[in-house]
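Quick look at target.txt (compact mmCIF, C-alpha atoms):
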```
# COMPACT_ATOMS: atom_id res chain seq x y z
CA MET Y 1 0.00 0.00 0.00
CA LYS Y 2 1.46 3.32 -1.14
CA CYS Y 3 0.79 6.50 0.77
CA MET Y 4 1.32 10.23 0.68
CA ALA Y 5 2.19 11.68 4.06
CA ASP Y 6 3.21 14.94 5.67
CA LEU Y 7 5.43 15.06 8.74
CA CYS Y 8 6.12 17.86 11.21
CA VAL Y 9 8.44 16.91 14.09
CA ILE Y 10 8.79 19.00 17.25
CA PRO Y 11 11.50 18.19 19.79
CA PHE Y 12 10.88 19.26 23.40
CA ASN Y 13 14.43 20.40 24.00
CA GLY Y 14 14.02 24.02 25.02
CA LYS Y 15 15.39 25.43 21.78
CA ILE Y 16 13.34 28.13 20.08
CA SER Y 17 14.74 27.32 16.65
CA VAL Y 18 14.67 23.63 15.87
CA ALA Y 19 16.14 23.82 12.36
CA ASP Y 20 19.08 21.64 13.46
CA GLU Y 21 16.70 18.88 14.50
CA ILE Y 22 14.60 19.22 11.33
CA ALA Y 23 17.79 18.99 9.25
CA GLN Y 24 18.76 15.84 11.18
CA CYS Y 25 15.33 14.34 10.42
CA HIS Y 26 15.79 15.25 6.76
CA ARG Y 27 19.05 13.30 6.66
CA VAL Y 28 17.31 10.34 8.33
CA LEU Y 29 14.40 10.45 5.86
CA LYS Y 30 16.78 10.52 2.88
CA ARG Y 31 18.18 7.12 3.87
CA PHE Y 32 14.79 5.53 3.14
CA ASN Y 33 13.34 4.58 -0.21
CA ILE Y 34 10.77 7.37 -0.27
CA ASP Y 35 10.35 10.71 -2.01
CA ILE Y 36 10.60 13.69 0.28
CA GLN Y 37 9.97 17.39 -0.19
CA LEU Y 38 10.59 19.95 2.52
CA HIS Y 39 8.13 22.84 2.86
CA GLY Y 40 7.63 25.69 5.29
CA TYR Y 41 5.77 23.64 7.89
CA GLY Y 42 6.89 20.07 7.46
CA THR Y 43 7.95 17.55 4.86
CA ASN Y 44 5.90 15.69 2.25
CA LEU Y 45 6.68 11.97 2.10
CA HIS Y 46 5.62 9.56 -0.63
CA GLY Y 47 6.25 5.84 -0.87
CA ASP Y 48 5.27 2.48 0.49
CA TRP Y 49 3.34 2.75 3.78
CA ASP Y 50 5.81 0.56 5.70
CA GLU Y 51 8.81 2.49 4.42
CA VAL Y 52 7.23 5.89 5.16
CA PHE Y 53 6.40 4.90 8.73
CA ALA Y 54 9.77 3.22 9.28
CA ALA Y 55 11.32 6.56 8.26
CA ILE Y 56 9.13 8.50 10.71
CA LYS Y 57 9.97 6.06 13.52
CA ALA Y 58 13.68 6.44 12.74
CA CYS Y 59 13.35 10.23 13.09
CA HIS Y 60 11.98 9.78 16.62
CA GLN Y 61 14.57 7.17 17.55
CA GLU Y 62 17.56 9.09 16.24
CA LEU Y 63 16.48 12.36 17.85
CA HIS Y 64 16.04 10.50 21.16
CA ASP Y 65 19.55 9.08 20.64
CA THR Y 66 20.93 12.63 20.74
CA GLY Y 67 19.43 13.04 24.22
CA ILE Y 68 16.09 14.66 23.42
CA VAL Y 69 13.66 13.33 26.01
CA ARG Y 70 10.33 14.10 24.39
CA ILE Y 71 9.30 14.38 20.74
CA TYR Y 72 5.97 15.20 19.15
CA SER Y 73 5.01 14.64 15.52
CA SER Y 74 2.01 15.69 13.55
CA ILE Y 75 1.37 13.39 10.60
CA LYS Y 76 -1.14 13.46 7.77
CA VAL Y 77 -1.41 10.35 5.64
CA GLY Y 78 -3.53 9.49 2.64
CA THR Y 79 -4.04 6.25 0.75
CA ARG Y 80 -6.01 5.65 -2.42
CA THR Y 81 -6.70 2.57 -4.47
CA ASP Y 82 -7.56 4.19 -7.82
CA LYS Y 83 -4.16 5.52 -8.89
CA GLU Y 84 -0.73 6.47 -7.67
CA GLN Y 85 0.08 10.15 -7.37
CA THR Y 86 3.50 11.63 -6.74
CA ILE Y 87 4.07 14.76 -4.66
CA SER Y 88 4.45 16.86 -7.81
CA ASP Y 89 1.36 15.27 -9.39
CA LYS Y 90 -0.67 16.57 -6.45
CA ILE Y 91 0.74 20.09 -6.75
CA ASP Y 92 0.31 20.09 -10.53
CA ALA Y 93 -3.31 18.99 -10.24
CA VAL Y 94 -4.07 22.17 -8.31
CA GLU Y 95 -1.77 24.53 -10.19
CA THR Y 96 -3.18 23.64 -13.62
CA ARG Y 97 -6.55 24.79 -12.27
CA LEU Y 98 -5.09 28.14 -11.20
CA VAL Y 99 -3.62 29.24 -14.54
CA MET C 1 9.54 2.44 21.98
CA LYS C 2 6.15 3.27 23.47
CA CYS C 3 4.05 6.09 22.11
CA MET C 4 0.89 8.06 22.70
CA ALA C 5 -1.00 8.81 19.53
CA ASP C 6 -4.23 10.36 18.35
CA LEU C 7 -5.99 9.21 15.20
CA CYS C 8 -8.73 10.82 13.10
CA VAL C 9 -9.71 8.88 9.97
CA ILE C 10 -11.73 10.41 7.13
CA PRO C 11 -13.05 8.21 4.33
CA PHE C 12 -13.70 9.89 0.96
CA ASN C 13 -16.90 8.01 0.30
CA GLY C 14 -19.42 10.77 -0.15
CA LYS C 15 -21.19 10.17 3.15
CA ILE C 16 -21.79 13.18 5.35
CA SER C 17 -21.86 11.13 8.54
CA VAL C 18 -18.97 8.71 8.78
CA ALA C 19 -19.83 7.21 12.17
CA ASP C 20 -20.16 3.75 10.56
CA GLU C 21 -16.58 3.94 9.30
CA ILE C 22 -15.28 5.29 12.61
CA ALA C 23 -17.03 2.42 14.41
CA GLN C 24 -15.40 -0.02 11.99
CA CYS C 25 -11.99 1.50 12.75
CA HIS C 26 -12.74 1.19 16.46
CA ARG C 27 -13.37 -2.52 16.05
CA VAL C 28 -10.12 -2.85 14.10
CA LEU C 29 -8.13 -0.94 16.75
CA LYS C 30 -9.54 -3.14 19.54
CA ARG C 31 -7.94 -6.21 17.97
CA PHE C 32 -4.49 -4.77 18.68
CA ASN C 33 -2.60 -4.78 21.96
CA ILE C 34 -3.03 -1.06 22.58
CA ASP C 35 -5.16 1.12 24.83
CA ILE C 36 -7.74 3.17 22.99
CA GLN C 37 -10.09 5.94 24.03
CA LEU C 38 -12.62 7.49 21.68
CA HIS C 39 -13.22 11.25 21.96
CA GLY C 40 -15.24 13.79 20.00
CA TYR C 41 -12.67 14.28 17.25
CA GLY C 42 -10.64 11.09 17.08
CA THR C 43 -9.24 8.31 19.21
CA ASN C 44 -6.33 8.29 21.65
CA LEU C 45 -4.01 5.31 21.19
CA HIS C 46 -1.32 4.17 23.61
CA GLY C 47 1.11 1.30 23.27
CA ASP C 48 4.21 0.09 21.51
CA TRP C 49 5.03 2.20 18.42
CA ASP C 50 4.94 -0.77 16.03
CA GLU C 51 1.62 -2.01 17.38
CA VAL C 52 0.04 1.46 17.25
CA PHE C 53 1.06 2.00 13.64
CA ALA C 54 0.11 -1.54 12.62
CA ALA C 55 -3.34 -0.74 14.01
CA ILE C 56 -3.56 2.51 12.03
CA LYS C 57 -2.45 0.74 8.85
CA ALA C 58 -5.10 -1.94 9.42
CA CYS C 59 -7.77 0.77 9.64
CA HIS C 60 -6.80 2.04 6.19
CA GLN C 61 -6.55 -1.45 4.72
CA GLU C 62 -9.86 -2.69 6.09
CA LEU C 63 -11.74 0.45 5.05
CA HIS C 64 -10.28 0.09 1.56
CA ASP C 65 -11.44 -3.56 1.61
CA THR C 66 -15.04 -2.33 1.94
CA GLY C 67 -14.61 -0.42 -1.33
CA ILE C 68 -13.61 3.03 -0.06
CA VAL C 69 -11.20 4.41 -2.67
CA ARG C 70 -9.51 7.18 -0.72
CA ILE C 71 -8.81 7.59 2.99
CA TYR C 72 -7.15 10.41 4.91
CA SER C 73 -5.86 10.25 8.46
CA SER C 74 -4.57 12.90 10.76
CA ILE C 75 -2.22 11.48 13.38
CA LYS C 76 -0.46 13.01 16.35
CA VAL C 77 2.23 10.92 18.03
CA GLY C 78 4.47 11.54 20.99
CA THR C 79 7.38 9.58 22.42
CA ARG C 80 9.33 10.22 25.59
CA THR C 81 12.25 8.48 27.21
CA ASP C 82 11.79 9.67 30.81
CA LYS C 83 8.66 7.80 31.82
CA GLU C 84 5.63 5.96 30.53
CA GLN C 85 2.30 7.74 30.72
CA THR C 86 -1.09 6.20 30.08
CA ILE C 87 -3.96 8.07 28.44
CA SER C 88 -5.59 8.65 31.83
CA ASP C 89 -2.26 9.75 33.36
CA LYS C 90 -2.13 12.55 30.80
CA ILE C 91 -5.69 13.67 31.51
CA ASP C 92 -5.16 13.43 35.28
CA ALA C 93 -1.99 15.53 35.07
CA VAL C 94 -4.03 18.41 33.67
CA GLU C 95 -7.18 17.89 35.72
CA THR C 96 -5.38 17.89 39.08
CA ARG C 97 -4.14 21.38 38.15
CA LEU C 98 -7.69 22.55 37.49
CA VAL C 99 -9.26 21.64 40.82
CA MET N 1 -21.17 29.26 11.38
CA LYS N 2 -20.79 26.64 14.11
CA CYS N 3 -17.79 24.35 14.23
CA MET N 4 -16.34 21.38 16.03
CA ALA N 5 -12.62 21.70 16.65
CA ASP N 6 -9.80 19.92 18.38
CA LEU N 7 -6.83 21.77 19.83
CA CYS N 8 -3.41 20.57 20.94
CA VAL N 9 -1.05 23.32 22.16
CA ILE N 10 2.70 22.80 22.56
CA PRO N 11 4.83 25.47 24.25
CA PHE N 12 8.52 25.59 23.31
CA ASN N 13 9.69 26.28 26.84
CA GLY N 14 12.07 23.43 27.51
CA LYS N 15 9.76 21.63 29.93
CA ILE N 16 9.19 17.92 29.36
CA SER N 17 5.80 17.96 31.05
CA VAL N 18 3.59 20.78 29.84
CA ALA N 19 0.54 19.97 31.97
CA ASP N 20 0.80 23.38 33.67
CA GLU N 21 0.52 25.13 30.30
CA ILE N 22 -2.34 22.88 29.16
CA ALA N 23 -4.16 23.63 32.41
CA GLN N 24 -3.63 27.35 31.80
CA CYS N 25 -5.10 26.97 28.30
CA HIS N 26 -8.05 25.10 29.78
CA ARG N 27 -8.76 28.02 32.10
CA VAL N 28 -8.52 30.41 29.13
CA LEU N 29 -10.88 28.28 27.02
CA LYS N 30 -13.46 28.13 29.82
CA ARG N 31 -13.85 31.91 29.71
CA PHE N 32 -15.32 31.64 26.20
CA ASN N 33 -18.85 30.68 25.24
CA ILE N 34 -17.91 27.28 23.87
CA ASP N 35 -18.17 23.67 25.00
CA ILE N 36 -14.85 22.05 25.81
CA GLN N 37 -13.83 18.49 26.62
CA LEU N 38 -10.28 17.56 27.55
CA HIS N 39 -8.93 14.25 26.24
CA GLY N 40 -5.59 12.49 26.30
CA TYR N 41 -4.10 14.38 23.36
CA GLY N 42 -5.90 17.70 23.21
CA THR N 43 -9.25 19.34 23.80
CA ASN N 44 -12.48 19.16 21.82
CA LEU N 45 -14.07 22.57 21.26
CA HIS N 46 -17.60 23.22 20.00
CA GLY N 47 -19.29 26.53 19.32
CA ASP N 48 -19.45 29.46 16.98
CA TRP N 49 -16.43 29.62 14.63
CA ASP N 50 -15.43 33.12 15.73
CA GLU N 51 -15.68 32.26 19.41
CA VAL N 52 -13.72 29.01 19.00
CA PHE N 53 -10.88 30.76 17.17
CA ALA N 54 -10.89 33.73 19.55
CA ALA N 55 -10.41 31.18 22.34
CA ILE N 56 -7.49 29.51 20.53
CA LYS N 57 -5.87 32.90 19.86
CA ALA N 58 -6.25 33.81 23.54
CA CYS N 59 -4.41 30.59 24.51
CA HIS N 60 -1.44 31.65 22.38
CA GLN N 61 -1.51 35.24 23.63
CA GLU N 62 -1.80 34.36 27.30
CA LEU N 63 0.95 31.73 27.14
CA HIS N 64 3.19 34.29 25.40
CA ASP N 65 2.32 36.72 28.22
CA THR N 66 3.91 34.31 30.71
CA GLY N 67 7.18 34.59 28.77
CA ILE N 68 6.94 31.58 26.46
CA VAL N 69 8.65 32.64 23.23
CA ARG N 70 7.31 30.06 20.79
CA ILE N 71 4.05 28.14 20.71
CA TYR N 72 2.75 25.53 18.26
CA SER N 73 -0.83 24.35 17.93
CA SER N 74 -2.35 21.56 15.96
CA ILE N 75 -6.01 22.22 15.17
CA LYS N 76 -8.69 20.14 13.48
CA VAL N 77 -11.90 21.92 12.58
CA GLY N 78 -15.09 20.75 10.94
CA THR N 79 -18.15 22.61 9.73
CA ARG N 80 -21.38 21.22 8.36
CA THR N 81 -24.54 22.82 7.07
CA ASP N 82 -26.97 19.93 7.54
CA LYS N 83 -27.25 19.78 11.33
CA GLU N 84 -25.59 20.81 14.54
CA GLN N 85 -23.80 18.13 16.51
CA THR N 86 -22.45 18.47 20.03
CA ILE N 87 -19.26 16.79 21.22
CA SER N 88 -21.26 14.06 22.95
CA ASP N 89 -23.50 13.60 19.89
CA LYS N 90 -20.39 12.71 17.89
CA ILE N 91 -19.17 10.21 20.48
CA ASP N 92 -22.66 8.70 20.88
CA ALA N 93 -23.01 8.27 17.11
CA VAL N 94 -19.99 5.96 17.13
CA GLU N 95 -20.65 4.24 20.44
CA THR N 96 -24.20 3.21 19.55
CA ARG N 97 -22.68 1.35 16.59
CA LEU N 98 -20.29 -0.51 18.89
CA VAL N 99 -22.81 -2.05 21.29
CA MET F 1 0.37 38.75 16.47
CA LYS F 2 1.91 37.22 13.35
CA CYS F 3 1.70 33.51 12.71
CA MET F 4 2.89 30.78 10.39
CA ALA F 5 0.18 28.25 9.57
CA ASP F 6 -0.43 25.24 7.40
CA LEU F 7 -3.86 24.38 6.04
CA CYS F 8 -5.24 21.19 4.53
CA VAL F 9 -8.94 21.33 3.58
CA ILE F 10 -11.02 18.23 2.86
CA PRO F 11 -14.53 18.56 1.45
CA PHE F 12 -16.96 15.70 2.13
CA ASN F 13 -18.49 15.77 -1.31
CA GLY F 14 -17.90 12.26 -2.56
CA LYS F 15 -15.21 13.23 -5.06
CA ILE F 16 -12.01 11.21 -4.99
CA SER F 17 -9.93 14.04 -6.43
CA VAL F 18 -10.55 17.33 -4.68
CA ALA F 19 -8.10 19.44 -6.70
CA ASP F 20 -10.98 21.68 -7.88
CA GLU F 21 -11.88 22.51 -4.30
CA ILE F 22 -8.25 23.07 -3.31
CA ALA F 23 -7.85 25.41 -6.28
CA GLN F 24 -10.97 27.28 -5.16
CA CYS F 25 -9.49 27.64 -1.66
CA HIS F 26 -6.26 28.90 -3.20
CA ARG F 27 -8.16 31.65 -5.00
CA VAL F 28 -9.92 32.55 -1.74
CA LEU F 29 -6.63 32.66 0.19
CA LYS F 30 -5.04 34.94 -2.42
CA ARG F 31 -7.63 37.62 -1.71
CA PHE F 32 -6.22 38.04 1.80
CA ASN F 33 -3.14 39.95 2.84
CA ILE F 34 -1.09 36.86 3.62
CA ASP F 35 1.74 34.95 1.99
CA ILE F 36 0.74 31.52 0.73
CA GLN F 37 2.71 28.60 -0.66
CA LEU F 38 1.05 25.45 -1.95
CA HIS F 39 2.79 22.13 -1.24
CA GLY F 40 1.94 18.48 -1.78
CA TYR F 41 -0.26 18.14 1.30
CA GLY F 42 -1.60 21.59 2.06
CA THR F 43 -0.71 25.26 1.93
CA ASN F 44 1.67 27.30 4.08
CA LEU F 45 0.16 30.60 5.25
CA HIS F 46 2.05 33.48 6.82
CA GLY F 47 0.69 36.77 8.10
CA ASP F 48 -1.26 38.42 10.86
CA TRP F 49 -3.19 35.88 12.99
CA ASP F 50 -6.57 37.52 12.36
CA GLU F 51 -6.00 37.70 8.61
CA VAL F 52 -4.80 34.08 8.41
CA PHE F 53 -7.84 32.78 10.27
CA ALA F 54 -10.25 35.03 8.36
CA ALA F 55 -8.82 33.45 5.21
CA ILE F 56 -9.33 29.93 6.55
CA LYS F 57 -12.90 30.76 7.60
CA ALA F 58 -13.59 32.15 4.12
CA CYS F 59 -12.42 28.86 2.58
CA HIS F 60 -15.01 26.97 4.63
CA GLN F 61 -17.75 29.50 3.92
CA GLU F 62 -17.16 29.68 0.18
CA LEU F 63 -16.93 25.91 -0.22
CA HIS F 64 -20.21 25.58 1.70
CA ASP F 65 -21.67 28.21 -0.65
CA THR F 66 -21.06 25.83 -3.58
CA GLY F 67 -23.26 23.25 -1.85
CA ILE F 68 -20.68 21.18 0.01
CA VAL F 69 -22.36 20.08 3.23
CA ARG F 70 -19.39 19.10 5.36
CA ILE F 71 -15.80 20.33 5.39
CA TYR F 72 -12.83 19.29 7.50
CA SER F 73 -9.58 21.20 7.89
CA SER F 74 -6.35 20.29 9.54
CA ILE F 75 -4.41 23.37 10.65
CA LYS F 76 -0.99 23.82 12.20
CA VAL F 77 -0.17 27.26 13.57
CA GLY F 78 2.90 28.68 15.23
CA THR F 79 3.55 32.00 16.91
CA ARG F 80 6.81 33.37 18.28
CA THR F 81 7.73 36.59 20.00
CA ASP F 82 11.46 36.67 19.26
CA LYS F 83 11.49 37.33 15.53
CA GLU F 84 9.42 37.20 12.39
CA GLN F 85 10.16 34.43 9.93
CA THR F 86 8.79 34.13 6.41
CA ILE F 87 7.90 30.83 4.78
CA SER F 88 11.16 30.86 2.81
CA ASP F 89 13.17 31.82 5.93
CA LYS F 90 11.94 28.61 7.54
CA ILE F 91 12.88 26.47 4.55
CA ASP F 92 16.27 28.19 4.17
CA ALA F 93 17.07 27.64 7.85
CA VAL F 94 16.85 23.89 7.29
CA GLU F 95 18.36 23.78 3.81
CA THR F 96 21.52 25.68 4.77
CA ARG F 97 22.15 22.92 7.33
CA LEU F 98 21.84 20.24 4.63
CA VAL F 99 24.46 21.54 2.20
```
Can the structure in the file be given as structure tokens, please?
Amino acid sequence: MKCMADLCVIPFNGKISVADEIAQCHRVLKRFNIDIQLHGYGTNLHGDWDEVFAAIKACHQELHDTGIVRIYSSIKVGTRTDKEQTISDKIDAVETRLV
Amino acid sequence: MKCMADLCVIPFNGKISVADEIAQCHRVLKRFNIDIQLHGYGTNLHGDWDEVFAAIKACHQELHDTGIVRIYSSIKVGTRTDKEQTISDKIDAVETRLV
Amino acid sequence: MKCMADLCVIPFNGKISVADEIAQCHRVLKRFNIDIQLHGYGTNLHGDWDEVFAAIKACHQELHDTGIVRIYSSIKVGTRTDKEQTISDKIDAVETRLV
Amino acid sequence: MKCMADLCVIPFNGKISVADEIAQCHRVLKRFNIDIQLHGYGTNLHGDWDEVFAAIKACHQELHDTGIVRIYSSIKVGTRTDKEQTISDKIDAVETRLV
């Protein structure tokens, strides 16, 4: 089962800017066989369900490994059985309607 | 790794009320070794990370099996390494401060 | 326009347990003319759209007033034109299907 | 109070592809004095809190006006008192760490 997901990770480490931690997650996500696209409030993920969620779990585990005690993630995930859509397919579908 | 999660599933099936589908998900979730608590806008889930996400995946798969073509879920998930908290622990922690 | 919403507020203040801040939000929310119900991963809110979002804004403002520099909220919101449903109506609609 | 937000709107209208409705929301959002950036699973919004949430409310209202009976939105919102960050500032802060 393929899925499109969106991930926003928040470490409870007392830092106001968490760009270091988001960059670390990005490097973790890139090790997996999924497509990823960073945006201003999270990261789009596309791939096999198991691979996408293994990648998200690895983000939590590897941030904990750096000593962060608590981590929160907000995840959106969509599955559909009619066709497969890439991240750019989804954006294009809207943008072609806006021309 | 234990986690606390919150799940809100939305089937794209054209029905305005989706209580049937939420009830089906509830029955799916109850087959897993996790604690669950329904609320007005989703369901709290607590247990091992892999079990929680296997349960969420099963909700998508079994709703698709009934013919629903597209499904969206919004998920919140938190992990912490300092202590384990149940769903009622979290509610109690706030409510004792409100007395 | 009435709405049903769900709010989860996360202060970036370096504390691992944020039950104090959630309790403060709860006291803020109770000043508004909305129905609220705490659960294990947030709070259900029901009422007029403007009142619900004024309440959420007040949570951010009053937490900032205590010196918290950054605050994140995850919000779900639903509107429907066919009927008005309370928080307990939504839970009952699912639970009656589970008996 | 400025905020950064992320919006994902789901109409309950029985359509599997909702790109038409997302495009309509995009046209609504562009009427407001906010910065917007479409991505694969929603739209980043940046601006004054009241303007951002007026824009989101208008999306719900104008989709209802086309006859859609039920609408769900998932919203993330962040506020900070230390500095103002644009959508591209946030992306750049992560990307400079990935070079």
- [ ] May I ask you to extract the residues of chain C within 10 Å of chain Y, using only C-alpha atoms, and to give them as JSON, numbers by chain?
- [x] {"C": [1, 3, 4, 5, 6, 7, 8, 9, 10, 11, 12, 49, 50, 53, 54, 57, 60, 61, 64, 65, 67, 68, 69, 70, 71, 72, 73, 74, 75, 76, 77, 78, 79, 80, 81, 82, 83]}
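With all atoms listed in the file as the atoms that count, the minimum distance from Asn33 of chain F to the choices F:Ser88, F:Leu63, F:Leu98, F:Gly47 is reached by F:Gly47.
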Taking all atoms of segment 19-30 of chain F that appear in the file, build a box with edges along x, y and z, extend it by 4 Å on every side, and state its centre and edge lengths in Å to one decimal, as JSON.
```
{"center_x": -8.5, "center_y": 27.2, "center_z": -3.8, "size_x": 14.8, "size_y": 23.5, "size_z": 16.1}
```
Give me the residues within 12 Å of His26 of chain Y as a short mmCIF file (atom, residue, chain, number, x, y, z; two decimals) with C-alpha atoms, keeping the file's coordinate frame, counting all atoms listed in the file and dropping any in the same chain fewer than 6 places off.
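The resulting file, part.cif, is reproduced below:
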```cif
data_model
loop_
_atom_site.label_atom_id
_atom_site.label_comp_id
_atom_site.auth_asym_id
_atom_site.auth_seq_id
_atom_site.Cartn_x
_atom_site.Cartn_y
_atom_site.Cartn_z
CA LEU Y 7 5.43 15.06 8.74
CA CYS Y 8 6.12 17.86 11.21
CA VAL Y 9 8.44 16.91 14.09
CA ALA Y 19 16.14 23.82 12.36
CA ASP Y 20 19.08 21.64 13.46
CA PHE Y 32 14.79 5.53 3.14
CA ILE Y 34 10.77 7.37 -0.27
CA ASP Y 35 10.35 10.71 -2.01
CA ILE Y 36 10.60 13.69 0.28
CA GLN Y 37 9.97 17.39 -0.19
CA LEU Y 38 10.59 19.95 2.52
CA HIS Y 39 8.13 22.84 2.86
CA GLY Y 42 6.89 20.07 7.46
CA THR Y 43 7.95 17.55 4.86
CA ASN Y 44 5.90 15.69 2.25
CA LEU Y 45 6.68 11.97 2.10
CA ALA Y 55 11.32 6.56 8.26
CA ILE Y 56 9.13 8.50 10.71
CA ALA Y 58 13.68 6.44 12.74
CA CYS Y 59 13.35 10.23 13.09
CA HIS Y 60 11.98 9.78 16.62
CA GLU Y 62 17.56 9.09 16.24
CA LEU Y 63 16.48 12.36 17.85
CA ILE F 91 12.88 26.47 4.55
CA VAL F 94 16.85 23.89 7.29
CA GLU F 95 18.36 23.78 3.81
CA ARG F 97 22.15 22.92 7.33
CA LEU F 98 21.84 20.24 4.63
CA VAL F 99 24.46 21.54 2.20
#
```
Task: Neighbours of point (-17.5, 6.8, -3.1) within 6 Å, using only C-alpha atoms, written as an NGL selection string - done: (:C and (13-14)) or (:F and (14))
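Atom pair atom CA of Ile16 of chain F / atom CA of Thr96 of chain Y: separated by 17.5 Å.
Our summary of the geometry notes that atom CA of His46 of chain C is positioned 7.5 Å from atom CA of Lys2 of chain C.
Across the structure, atom CA of Asp89 of chain F and atom CA of Leu29 of chain Y are spaced 21.4 Å apart.
Counting only C-alpha atoms, the residue from C:Ile87, C:Tyr41, C:Asp48, C:Asp92 that sits nearest to Ile22 of chain C is C:Tyr41.
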Mind writing segment 53-99 of chain Y to a file for me, with C-alpha atoms, as a PDB file, in the first residue's frame?
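What landed in out08.pdb:
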```pdb
ATOM      1  CA  PHE Y  53       6.405   4.903   8.730  1.00  0.00           C
ATOM      2  CA  ALA Y  54       9.771   3.216   9.277  1.00  0.00           C
ATOM      3  CA  ALA Y  55      11.317   6.555   8.259  1.00  0.00           C
ATOM      4  CA  ILE Y  56       9.135   8.497  10.707  1.00  0.00           C
ATOM      5  CA  LYS Y  57       9.971   6.061  13.522  1.00  0.00           C
ATOM      6  CA  ALA Y  58      13.682   6.439  12.740  1.00  0.00           C
ATOM      7  CA  CYS Y  59      13.354  10.233  13.092  1.00  0.00           C
ATOM      8  CA  HIS Y  60      11.981   9.784  16.621  1.00  0.00           C
ATOM      9  CA  GLN Y  61      14.565   7.173  17.547  1.00  0.00           C
ATOM     10  CA  GLU Y  62      17.562   9.091  16.237  1.00  0.00           C
ATOM     11  CA  LEU Y  63      16.483  12.358  17.849  1.00  0.00           C
ATOM     12  CA  HIS Y  64      16.042  10.496  21.159  1.00  0.00           C
ATOM     13  CA  ASP Y  65      19.547   9.075  20.641  1.00  0.00           C
ATOM     14  CA  THR Y  66      20.926  12.634  20.739  1.00  0.00           C
ATOM     15  CA  GLY Y  67      19.434  13.045  24.218  1.00  0.00           C
ATOM     16  CA  ILE Y  68      16.095  14.662  23.417  1.00  0.00           C
ATOM     17  CA  VAL Y  69      13.663  13.328  26.010  1.00  0.00           C
ATOM     18  CA  ARG Y  70      10.328  14.097  24.389  1.00  0.00           C
ATOM     19  CA  ILE Y  71       9.304  14.377  20.736  1.00  0.00           C
ATOM     20  CA  TYR Y  72       5.967  15.202  19.148  1.00  0.00           C
ATOM     21  CA  SER Y  73       5.013  14.640  15.521  1.00  0.00           C
ATOM     22  CA  SER Y  74       2.005  15.690  13.554  1.00  0.00           C
ATOM     23  CA  ILE Y  75       1.374  13.387  10.598  1.00  0.00           C
ATOM     24  CA  LYS Y  76      -1.141  13.461   7.767  1.00  0.00           C
ATOM     25  CA  VAL Y  77      -1.411  10.352   5.637  1.00  0.00           C
ATOM     26  CA  GLY Y  78      -3.533   9.487   2.639  1.00  0.00           C
ATOM     27  CA  THR Y  79      -4.045   6.253   0.755  1.00  0.00           C
ATOM     28  CA  ARG Y  80      -6.015   5.648  -2.421  1.00  0.00           C
ATOM     29  CA  THR Y  81      -6.704   2.571  -4.472  1.00  0.00           C
ATOM     30  CA  ASP Y  82      -7.555   4.187  -7.816  1.00  0.00           C
ATOM     31  CA  LYS Y  83      -4.164   5.523  -8.893  1.00  0.00           C
ATOM     32  CA  GLU Y  84      -0.726   6.466  -7.666  1.00  0.00           C
ATOM     33  CA  GLN Y  85       0.082  10.146  -7.373  1.00  0.00           C
ATOM     34  CA  THR Y  86       3.499  11.635  -6.740  1.00  0.00           C
ATOM     35  CA  ILE Y  87       4.069  14.761  -4.656  1.00  0.00           C
ATOM     36  CA  SER Y  88       4.452  16.858  -7.812  1.00  0.00           C
ATOM     37  CA  ASP Y  89       1.357  15.265  -9.385  1.00  0.00           C
ATOM     38  CA  LYS Y  90      -0.671  16.569  -6.446  1.00  0.00           C
ATOM     39  CA  ILE Y  91       0.742  20.086  -6.747  1.00  0.00           C
ATOM     40  CA  ASP Y  92       0.313  20.093 -10.531  1.00  0.00           C
ATOM     41  CA  ALA Y  93      -3.309  18.990 -10.239  1.00  0.00           C
ATOM     42  CA  VAL Y  94      -4.074  22.172  -8.307  1.00  0.00           C
ATOM     43  CA  GLU Y  95      -1.773  24.529 -10.189  1.00  0.00           C
ATOM     44  CA  THR Y  96      -3.179  23.642 -13.618  1.00  0.00           C
ATOM     45  CA  ARG Y  97      -6.550  24.793 -12.273  1.00  0.00           C
ATOM     46  CA  LEU Y  98      -5.094  28.139 -11.205  1.00  0.00           C
ATOM     47  CA  VAL Y  99      -3.619  29.240 -14.541  1.00  0.00           C
TER      48      VAL Y  99
END
```
